[in-house]
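Below you'll find the structure, written out as C-alpha cells, and then a few comments.
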Amino acid sequence: MIMDLHTHTHHSPDAEAQTVEERAIAAEAMGLQYMAITDHVEINRFYPAAYYHAVESEMFSYNGCGVFEGSVSETVLAQQAHPSLRILCGAEIGQIPQDIEKSRMLYRDERVDLIIGSVHELPQREDFFFLDYSKENIPKLVDAYFAEVLRTAETDCYDILAHLTYGLRYLPNRAAYDLTPHLELIDEIFQTLIKKEKALELNGSGLKYAEPFTDPGYEMLCRYRKMGGRMLTISTDAHDTKYLGSGVAKLEEMAKSAGFTELVWFEKHIPHGVKL
C-alpha cells in the first residue's frame, strides 16, 4: 500500500480515542509508505465554544486551534520515533473561505507538510451529515455546495482538495442523483486545481458501507484526468485505526484505470510523485 493521506486521531472530535503513536504502529505493521495525520480544524470555530458564547455539541465542535496544536505537536514526536515510516504532519481545514487569515497562518506553520481543504457545511448551516433532506431543495443545496468548494479551491491555503462530492454523501438515494446540472461548476473546480497545481483526493471512506462509494466517484475521477488533472492522493479518511489502509488497494486500481500512473505526497507543501 502506497499511501493514506487523510486520517484522524483522538484530537478530532468525531474520531476514536487513538493516539498518533498507535496509528503509526498500525501503519508500519500494514506496510504503508506514506501516512498523513490530518485532524479536523473547523476554521469557522477556531476558538473554544465560550469565545462564541456557544456550547460544544455533536453538531458543532469548537477549538480548532487547540486541535491543531495538539495534533501537530504529537505528530512531530511520532515522526521522530518512526523514521522508517514517512509520517506527514498536516490538518484538515474545514470552511477555509470563512477565515482566510487563520487558514493561511496554519498553512505557513513550519511543522506542517500538507493541508487538506474541505467543505463540511455551508455558511450558517450545520454539517451535511445533520441536514434534514426532506426539507431541502436538493439541487439548490448541491449547487451551493459546489460553489463553496470552488471558493475553497481558489484559495492558496491547502495542498489537497478533500472528498469532492461530500455534499452528496448523505443524500437519500445518492447513487441516483444526477450531477449533470453541476458539471460546469465541477469543471471549474478541476480547472482551478490544475492551474494552481493542487491535488485532488480520492477518498475511500464510503467503501465500508453496504452500498459502497468513493468521493469522487469513478466517472468524476476520469473526468478530472481527461481535463489534464495529474495530481491525485488516496485516503481512507480513517477515524478509527481499524479503517486505516482499508480499501486502499481498490483505490489504487481505480486510479490506474482512470489513467493515473502516479500519486503525489507532500513534504513542506512540495509535491513529490510516487509510481502507482
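Ordering of the C-alpha cells sets the chain letters (A, B, ...), residue numbers begin anew at 1 in every chain, and ligands are numbered from 1 in the order given.
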10 Å contact set for stretch 58-64 of chain A, only C-alpha atoms, chain neighbours under 5 positions out, as a ChimeraX atom specification: /A:11-14,39-52,69-70,93-94,126-127,129-130
Residue neighbourhood A:Asp237, 10 Å, only C-alpha atoms, exclusion window fewer than 2 positions, as a list in words: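 After dropping sequence-adjacent residues, the list is Asp4, Leu5, His6, Thr7, His8, Ile37, Thr38, Asp39, Ala162, His163, Leu202, Asn203, Gly204, Ser205, Gly206, Ile234, Ser235, His239, Asp240, Tyr243, Leu244, Gly245 and Ser246 of chain A.
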Selection near stretch 18-21 of chain A, 8 Å with only C-alpha atoms, sequence-local residues under 2 positions removed, as an MDAnalysis selection string: chainID A and resid 9:10 16 23:25 37 71 74:75 78 240:241
Residue subset to file, keeping N, CA and C atoms, as a JSON list (two decimals), in the first residue's frame:
```json
[["chain", "number", "residue", "atom", "x", "y", "z"],
["A", 9, "THR", "N", -7.18, 11.25, 14.43],
["A", 9, "THR", "CA", -6.85, 10.62, 15.70],
["A", 9, "THR", "C", -7.76, 11.18, 16.80],
["A", 10, "HIS", "N", -7.39, 10.92, 18.05],
["A", 10, "HIS", "CA", -8.21, 11.36, 19.19],
["A", 10, "HIS", "C", -8.35, 12.88, 19.27],
["A", 16, "GLU", "N", -12.16, 8.12, 17.03],
["A", 16, "GLU", "CA", -11.95, 7.26, 18.19],
["A", 16, "GLU", "C", -10.74, 7.75, 19.00],
["A", 23, "ARG", "N", -1.51, 4.95, 15.75],
["A", 23, "ARG", "CA", -1.74, 4.97, 14.31],
["A", 23, "ARG", "C", -0.45, 4.64, 13.55],
["A", 24, "ALA", "N", 0.67, 5.17, 14.04],
["A", 24, "ALA", "CA", 1.96, 4.92, 13.39],
["A", 24, "ALA", "C", 2.35, 3.45, 13.48],
["A", 25, "ILE", "N", 2.13, 2.84, 14.63],
["A", 25, "ILE", "CA", 2.44, 1.42, 14.80],
["A", 25, "ILE", "C", 1.61, 0.57, 13.83],
["A", 37, "ILE", "N", -1.34, 12.62, 9.17],
["A", 37, "ILE", "CA", -2.25, 12.89, 10.28],
["A", 37, "ILE", "C", -2.89, 14.23, 10.00],
["A", 71, "SER", "N", -2.57, 18.06, 17.79],
["A", 71, "SER", "CA", -2.31, 17.07, 16.75],
["A", 71, "SER", "C", -0.93, 17.23, 16.14],
["A", 74, "GLU", "N", 1.92, 16.26, 18.59],
["A", 74, "GLU", "CA", 2.02, 14.81, 18.75],
["A", 74, "GLU", "C", 2.57, 14.14, 17.49],
["A", 75, "THR", "N", 2.21, 14.67, 16.34],
["A", 75, "THR", "CA", 2.69, 14.10, 15.08],
["A", 75, "THR", "C", 4.19, 14.31, 14.92],
["A", 78, "ALA", "N", 5.92, 11.67, 16.80],
["A", 78, "ALA", "CA", 5.82, 10.38, 16.11],
["A", 78, "ALA", "C", 6.77, 10.31, 14.93],
["A", 240, "ASP", "N", -10.85, 5.75, 12.76],
["A", 240, "ASP", "CA", -10.61, 4.62, 13.65],
["A", 240, "ASP", "C", -9.48, 3.81, 13.02],
["A", 241, "THR", "N", -8.55, 3.35, 13.83],
["A", 241, "THR", "CA", -7.40, 2.62, 13.31],
["A", 241, "THR", "C", -7.81, 1.39, 12.50]]
```
Distance in Å - atom CA of A:Tyr133 versus atom CA of A:Gly167: 11.5 Å
Contact residues around stretch 220-222 of chain A with only C-alpha atoms at 9 Å, ignoring same-chain residues under 4 positions, as a list in words: Ile186, Leu200, Leu202, Asp215, Pro216, Lys226, Met227, Met254, Ala255, Ser257, Ala258 and Gly259 of chain A
Take the residues from that selection and put them in a file with N, CA and C atoms, as a short mmCIF file (atom, residue, chain, number, x, y, z; two decimals), in the first residue's frame.
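Okay, this is what ended up in result-v5.cif:
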```cif
data_model
loop_
_atom_site.label_atom_id
_atom_site.label_comp_id
_atom_site.auth_asym_id
_atom_site.auth_seq_id
_atom_site.Cartn_x
_atom_site.Cartn_y
_atom_site.Cartn_z
N ILE A 186 -18.26 21.89 -11.38
CA ILE A 186 -17.26 20.85 -11.11
C ILE A 186 -16.05 21.03 -12.02
N LEU A 200 -6.15 16.59 -6.12
CA LEU A 200 -7.49 16.08 -5.83
C LEU A 200 -7.34 14.83 -4.98
N LEU A 202 -8.82 11.20 -3.76
CA LEU A 202 -9.74 10.09 -3.96
C LEU A 202 -9.98 9.48 -2.59
N ASP A 215 -15.50 9.25 -2.95
CA ASP A 215 -15.66 10.69 -3.20
C ASP A 215 -14.36 11.24 -3.79
N PRO A 216 -14.34 11.58 -5.10
CA PRO A 216 -15.44 11.46 -6.04
C PRO A 216 -15.59 10.03 -6.56
N LYS A 226 -9.08 13.39 -17.70
CA LYS A 226 -9.20 13.77 -19.11
C LYS A 226 -9.04 15.27 -19.32
N MET A 227 -9.36 16.06 -18.28
CA MET A 227 -9.18 17.51 -18.36
C MET A 227 -7.72 17.92 -18.16
N MET A 254 -8.54 1.87 -9.04
CA MET A 254 -9.40 2.90 -9.65
C MET A 254 -8.56 3.97 -10.33
N ALA A 255 -7.54 4.42 -9.62
CA ALA A 255 -6.68 5.47 -10.15
C ALA A 255 -5.97 5.02 -11.43
N SER A 257 -6.98 2.67 -13.49
CA SER A 257 -8.00 2.51 -14.54
C SER A 257 -8.40 3.85 -15.13
N ALA A 258 -8.37 4.91 -14.33
CA ALA A 258 -8.72 6.24 -14.80
C ALA A 258 -7.59 6.91 -15.57
N GLY A 259 -6.42 6.26 -15.60
CA GLY A 259 -5.32 6.79 -16.40
C GLY A 259 -4.17 7.40 -15.62
#
```
Helix (DSSP H, G or I) positions in stretch 92-210 of chain A, given as a ChimeraX atom specification: /A:96-98,100-107,128-130,133-135,138-153,166-168,174-176,180-196,205-208
Deliver the residues from the most recent selection as a file, using C-alpha atoms, as a PDB file, in the first residue's frame.
```
ATOM      1  CA  ILE A  96     -11.324  27.832   4.543  1.00  0.00           C
ATOM      2  CA  PRO A  97     -13.095  30.767   2.805  1.00  0.00           C
ATOM      3  CA  GLN A  98     -14.775  31.685   6.091  1.00  0.00           C
ATOM      4  CA  ILE A 100      -8.626  33.006   5.091  1.00  0.00           C
ATOM      5  CA  GLU A 101      -6.279  34.744   7.535  1.00  0.00           C
ATOM      6  CA  LYS A 102      -6.284  31.943  10.111  1.00  0.00           C
ATOM      7  CA  SER A 103      -6.172  29.275   7.397  1.00  0.00           C
ATOM      8  CA  ARG A 104      -3.089  30.925   5.915  1.00  0.00           C
ATOM      9  CA  MET A 105      -1.482  31.091   9.370  1.00  0.00           C
ATOM     10  CA  LEU A 106      -1.863  27.330   9.826  1.00  0.00           C
ATOM     11  CA  TYR A 107      -0.702  26.641   6.275  1.00  0.00           C
ATOM     12  CA  PHE A 128     -24.279  17.948   5.726  1.00  0.00           C
ATOM     13  CA  PHE A 129     -24.439  14.892   7.988  1.00  0.00           C
ATOM     14  CA  PHE A 130     -27.050  16.615  10.168  1.00  0.00           C
ATOM     15  CA  TYR A 133     -33.017  16.462   3.421  1.00  0.00           C
ATOM     16  CA  SER A 134     -36.803  16.200   3.354  1.00  0.00           C
ATOM     17  CA  LYS A 135     -36.838  19.974   3.948  1.00  0.00           C
ATOM     18  CA  ILE A 138     -31.587  19.353  -3.035  1.00  0.00           C
ATOM     19  CA  PRO A 139     -30.406  20.623  -6.456  1.00  0.00           C
ATOM     20  CA  LYS A 140     -30.085  24.138  -4.984  1.00  0.00           C
ATOM     21  CA  LEU A 141     -28.257  22.754  -1.941  1.00  0.00           C
ATOM     22  CA  VAL A 142     -25.819  20.741  -4.058  1.00  0.00           C
ATOM     23  CA  ASP A 143     -25.155  23.719  -6.313  1.00  0.00           C
ATOM     24  CA  ALA A 144     -24.392  25.862  -3.251  1.00  0.00           C
ATOM     25  CA  TYR A 145     -22.072  23.144  -2.015  1.00  0.00           C
ATOM     26  CA  PHE A 146     -20.009  23.014  -5.218  1.00  0.00           C
ATOM     27  CA  ALA A 147     -19.876  26.810  -5.304  1.00  0.00           C
ATOM     28  CA  GLU A 148     -18.352  26.726  -1.811  1.00  0.00           C
ATOM     29  CA  VAL A 149     -15.895  24.020  -2.875  1.00  0.00           C
ATOM     30  CA  LEU A 150     -14.860  26.273  -5.757  1.00  0.00           C
ATOM     31  CA  ARG A 151     -14.297  29.148  -3.326  1.00  0.00           C
ATOM     32  CA  THR A 152     -12.055  26.814  -1.315  1.00  0.00           C
ATOM     33  CA  ALA A 153     -10.167  25.687  -4.418  1.00  0.00           C
ATOM     34  CA  TYR A 166     -19.040  15.260   0.275  1.00  0.00           C
ATOM     35  CA  GLY A 167     -22.185  17.349  -0.263  1.00  0.00           C
ATOM     36  CA  LEU A 168     -23.836  14.303  -1.843  1.00  0.00           C
ATOM     37  CA  ARG A 174     -27.299   9.237  -3.510  1.00  0.00           C
ATOM     38  CA  ALA A 175     -26.430   6.780  -6.295  1.00  0.00           C
ATOM     39  CA  ALA A 176     -29.330   8.016  -8.421  1.00  0.00           C
ATOM     40  CA  THR A 180     -25.198  16.858 -14.916  1.00  0.00           C
ATOM     41  CA  PRO A 181     -26.607  20.261 -13.801  1.00  0.00           C
ATOM     42  CA  HIS A 182     -23.498  20.803 -11.680  1.00  0.00           C
ATOM     43  CA  LEU A 183     -20.841  19.841 -14.228  1.00  0.00           C
ATOM     44  CA  GLU A 184     -19.976  23.420 -15.129  1.00  0.00           C
ATOM     45  CA  LEU A 185     -19.087  24.159 -11.501  1.00  0.00           C
ATOM     46  CA  ILE A 186     -17.262  20.851 -11.110  1.00  0.00           C
ATOM     47  CA  ASP A 187     -15.201  21.530 -14.232  1.00  0.00           C
ATOM     48  CA  GLU A 188     -14.299  24.952 -12.886  1.00  0.00           C
ATOM     49  CA  ILE A 189     -13.097  23.288  -9.669  1.00  0.00           C
ATOM     50  CA  PHE A 190     -10.964  20.856 -11.682  1.00  0.00           C
ATOM     51  CA  GLN A 191      -9.532  23.663 -13.818  1.00  0.00           C
ATOM     52  CA  THR A 192      -8.651  25.607 -10.687  1.00  0.00           C
ATOM     53  CA  LEU A 193      -6.850  22.636  -9.138  1.00  0.00           C
ATOM     54  CA  ILE A 194      -4.880  22.057 -12.332  1.00  0.00           C
ATOM     55  CA  LYS A 195      -3.934  25.710 -12.699  1.00  0.00           C
ATOM     56  CA  LYS A 196      -2.850  26.031  -9.064  1.00  0.00           C
ATOM     57  CA  SER A 205     -14.277   6.312   3.432  1.00  0.00           C
ATOM     58  CA  GLY A 206     -17.532   5.195   1.795  1.00  0.00           C
ATOM     59  CA  LEU A 207     -16.164   1.778   0.823  1.00  0.00           C
ATOM     60  CA  LYS A 208     -17.012   0.387   4.260  1.00  0.00           C
TER      61      LYS A 208
END
```
Members of stretch 100-266 of chain A assigned strand (DSSP E or B) by DSSP, as a ChimeraX atom specification: /A:114-118,121,127,160-161,199-203,215,232-235,238,262-266
Export N, CA, C and O atoms of the chosen residues as a compact mmCIF listing (two decimals), in the first residue's frame?
```txt
# COMPACT_ATOMS: atom_id res chain seq x y z
N LEU A 114 1.40 19.23 4.91
CA LEU A 114 0.29 19.37 3.98
C LEU A 114 -0.98 19.81 4.70
O LEU A 114 -1.17 19.53 5.89
N ILE A 115 -1.81 20.51 3.95
CA ILE A 115 -3.13 20.91 4.44
C ILE A 115 -4.18 20.38 3.47
O ILE A 115 -4.06 20.54 2.25
N ILE A 116 -5.18 19.75 4.03
CA ILE A 116 -6.34 19.31 3.26
C ILE A 116 -7.43 20.37 3.40
O ILE A 116 -7.76 20.78 4.52
N GLY A 117 -7.97 20.82 2.29
CA GLY A 117 -9.07 21.77 2.32
C GLY A 117 -10.39 21.05 2.09
O GLY A 117 -10.50 20.24 1.16
N SER A 118 -11.37 21.34 2.93
CA SER A 118 -12.66 20.65 2.79
C SER A 118 -13.82 21.57 3.11
O SER A 118 -13.66 22.61 3.75
N GLU A 121 -19.76 22.09 5.68
CA GLU A 121 -21.00 22.82 5.94
C GLU A 121 -21.00 24.13 5.18
O GLU A 121 -19.94 24.71 4.91
N ASP A 127 -23.30 20.76 9.51
CA ASP A 127 -22.65 19.77 8.65
C ASP A 127 -23.71 19.03 7.82
O ASP A 127 -24.83 18.79 8.29
N ILE A 160 -4.34 19.77 -0.85
CA ILE A 160 -5.19 18.70 -1.34
C ILE A 160 -6.65 19.11 -1.13
O ILE A 160 -7.02 19.56 -0.03
N LEU A 161 -7.47 18.97 -2.15
CA LEU A 161 -8.90 19.22 -2.02
C LEU A 161 -9.60 17.92 -1.64
O LEU A 161 -9.55 16.94 -2.38
N ALA A 199 -3.71 19.13 -5.49
CA ALA A 199 -4.09 17.74 -5.70
C ALA A 199 -5.56 17.50 -5.39
O ALA A 199 -6.14 18.14 -4.50
N LEU A 200 -6.15 16.59 -6.12
CA LEU A 200 -7.49 16.08 -5.83
C LEU A 200 -7.34 14.83 -4.98
O LEU A 200 -6.44 14.01 -5.22
N GLU A 201 -8.21 14.67 -4.02
CA GLU A 201 -8.21 13.48 -3.18
C GLU A 201 -9.23 12.47 -3.69
O GLU A 201 -10.38 12.82 -3.98
N LEU A 202 -8.82 11.20 -3.76
CA LEU A 202 -9.74 10.09 -3.96
C LEU A 202 -9.98 9.48 -2.59
O LEU A 202 -9.12 8.81 -2.02
N ASN A 203 -11.16 9.76 -2.04
CA ASN A 203 -11.49 9.43 -0.66
C ASN A 203 -12.33 8.15 -0.62
O ASN A 203 -13.40 8.08 -1.22
N ASP A 215 -15.50 9.25 -2.95
CA ASP A 215 -15.66 10.69 -3.20
C ASP A 215 -14.36 11.24 -3.79
O ASP A 215 -13.36 11.33 -3.08
N LEU A 232 -2.97 13.54 -7.72
CA LEU A 232 -4.01 12.76 -7.04
C LEU A 232 -3.43 12.14 -5.78
O LEU A 232 -2.30 11.64 -5.79
N THR A 233 -4.20 12.18 -4.70
CA THR A 233 -3.85 11.47 -3.47
C THR A 233 -4.95 10.46 -3.15
O THR A 233 -6.08 10.58 -3.63
N ILE A 234 -4.61 9.50 -2.33
CA ILE A 234 -5.54 8.45 -1.92
C ILE A 234 -5.67 8.46 -0.40
O ILE A 234 -4.68 8.64 0.32
N SER A 235 -6.90 8.27 0.07
CA SER A 235 -7.10 8.27 1.52
C SER A 235 -8.28 7.42 1.93
O SER A 235 -9.19 7.15 1.14
N ALA A 238 -9.75 7.75 7.64
CA ALA A 238 -9.98 6.88 8.79
C ALA A 238 -10.13 7.67 10.08
O ALA A 238 -9.26 8.46 10.45
N GLU A 262 0.84 7.81 -11.41
CA GLU A 262 1.49 8.10 -10.14
C GLU A 262 0.54 8.83 -9.21
O GLU A 262 -0.48 9.38 -9.63
N LEU A 263 0.88 8.80 -7.93
CA LEU A 263 0.19 9.56 -6.90
C LEU A 263 1.17 10.62 -6.39
O LEU A 263 2.36 10.58 -6.72
N VAL A 264 0.68 11.57 -5.59
CA VAL A 264 1.57 12.57 -5.02
C VAL A 264 1.45 12.58 -3.50
O VAL A 264 0.41 12.23 -2.94
N TRP A 265 2.54 12.95 -2.86
CA TRP A 265 2.55 13.21 -1.42
C TRP A 265 3.29 14.53 -1.24
O TRP A 265 3.92 15.04 -2.17
N PHE A 266 3.20 15.11 -0.07
CA PHE A 266 3.74 16.46 0.15
C PHE A 266 4.68 16.50 1.34
O PHE A 266 4.39 15.93 2.40
```
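Coordinates place atom CA of A:His120 at a distance of 10.5 Å from atom CA of A:Thr165.
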Neighbour list for A:Arg86 as a ChimeraX atom specification, cut-off 10 Å, only C-alpha atoms, skip fewer than 2 positions in-chain: /A:3,24,27-28,32-36,79,82-84,88-89,265,267
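Counting from atom CA of A:Val119, the distance to atom CA of A:Gly247 is 23.2 Å.
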Nearest candidate to A:Lys198 (options A:Val112, A:Cys65, A:Gly31, A:Tyr158; using only C-alpha atoms):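 Nearest to A:Lys198: A:Tyr158.
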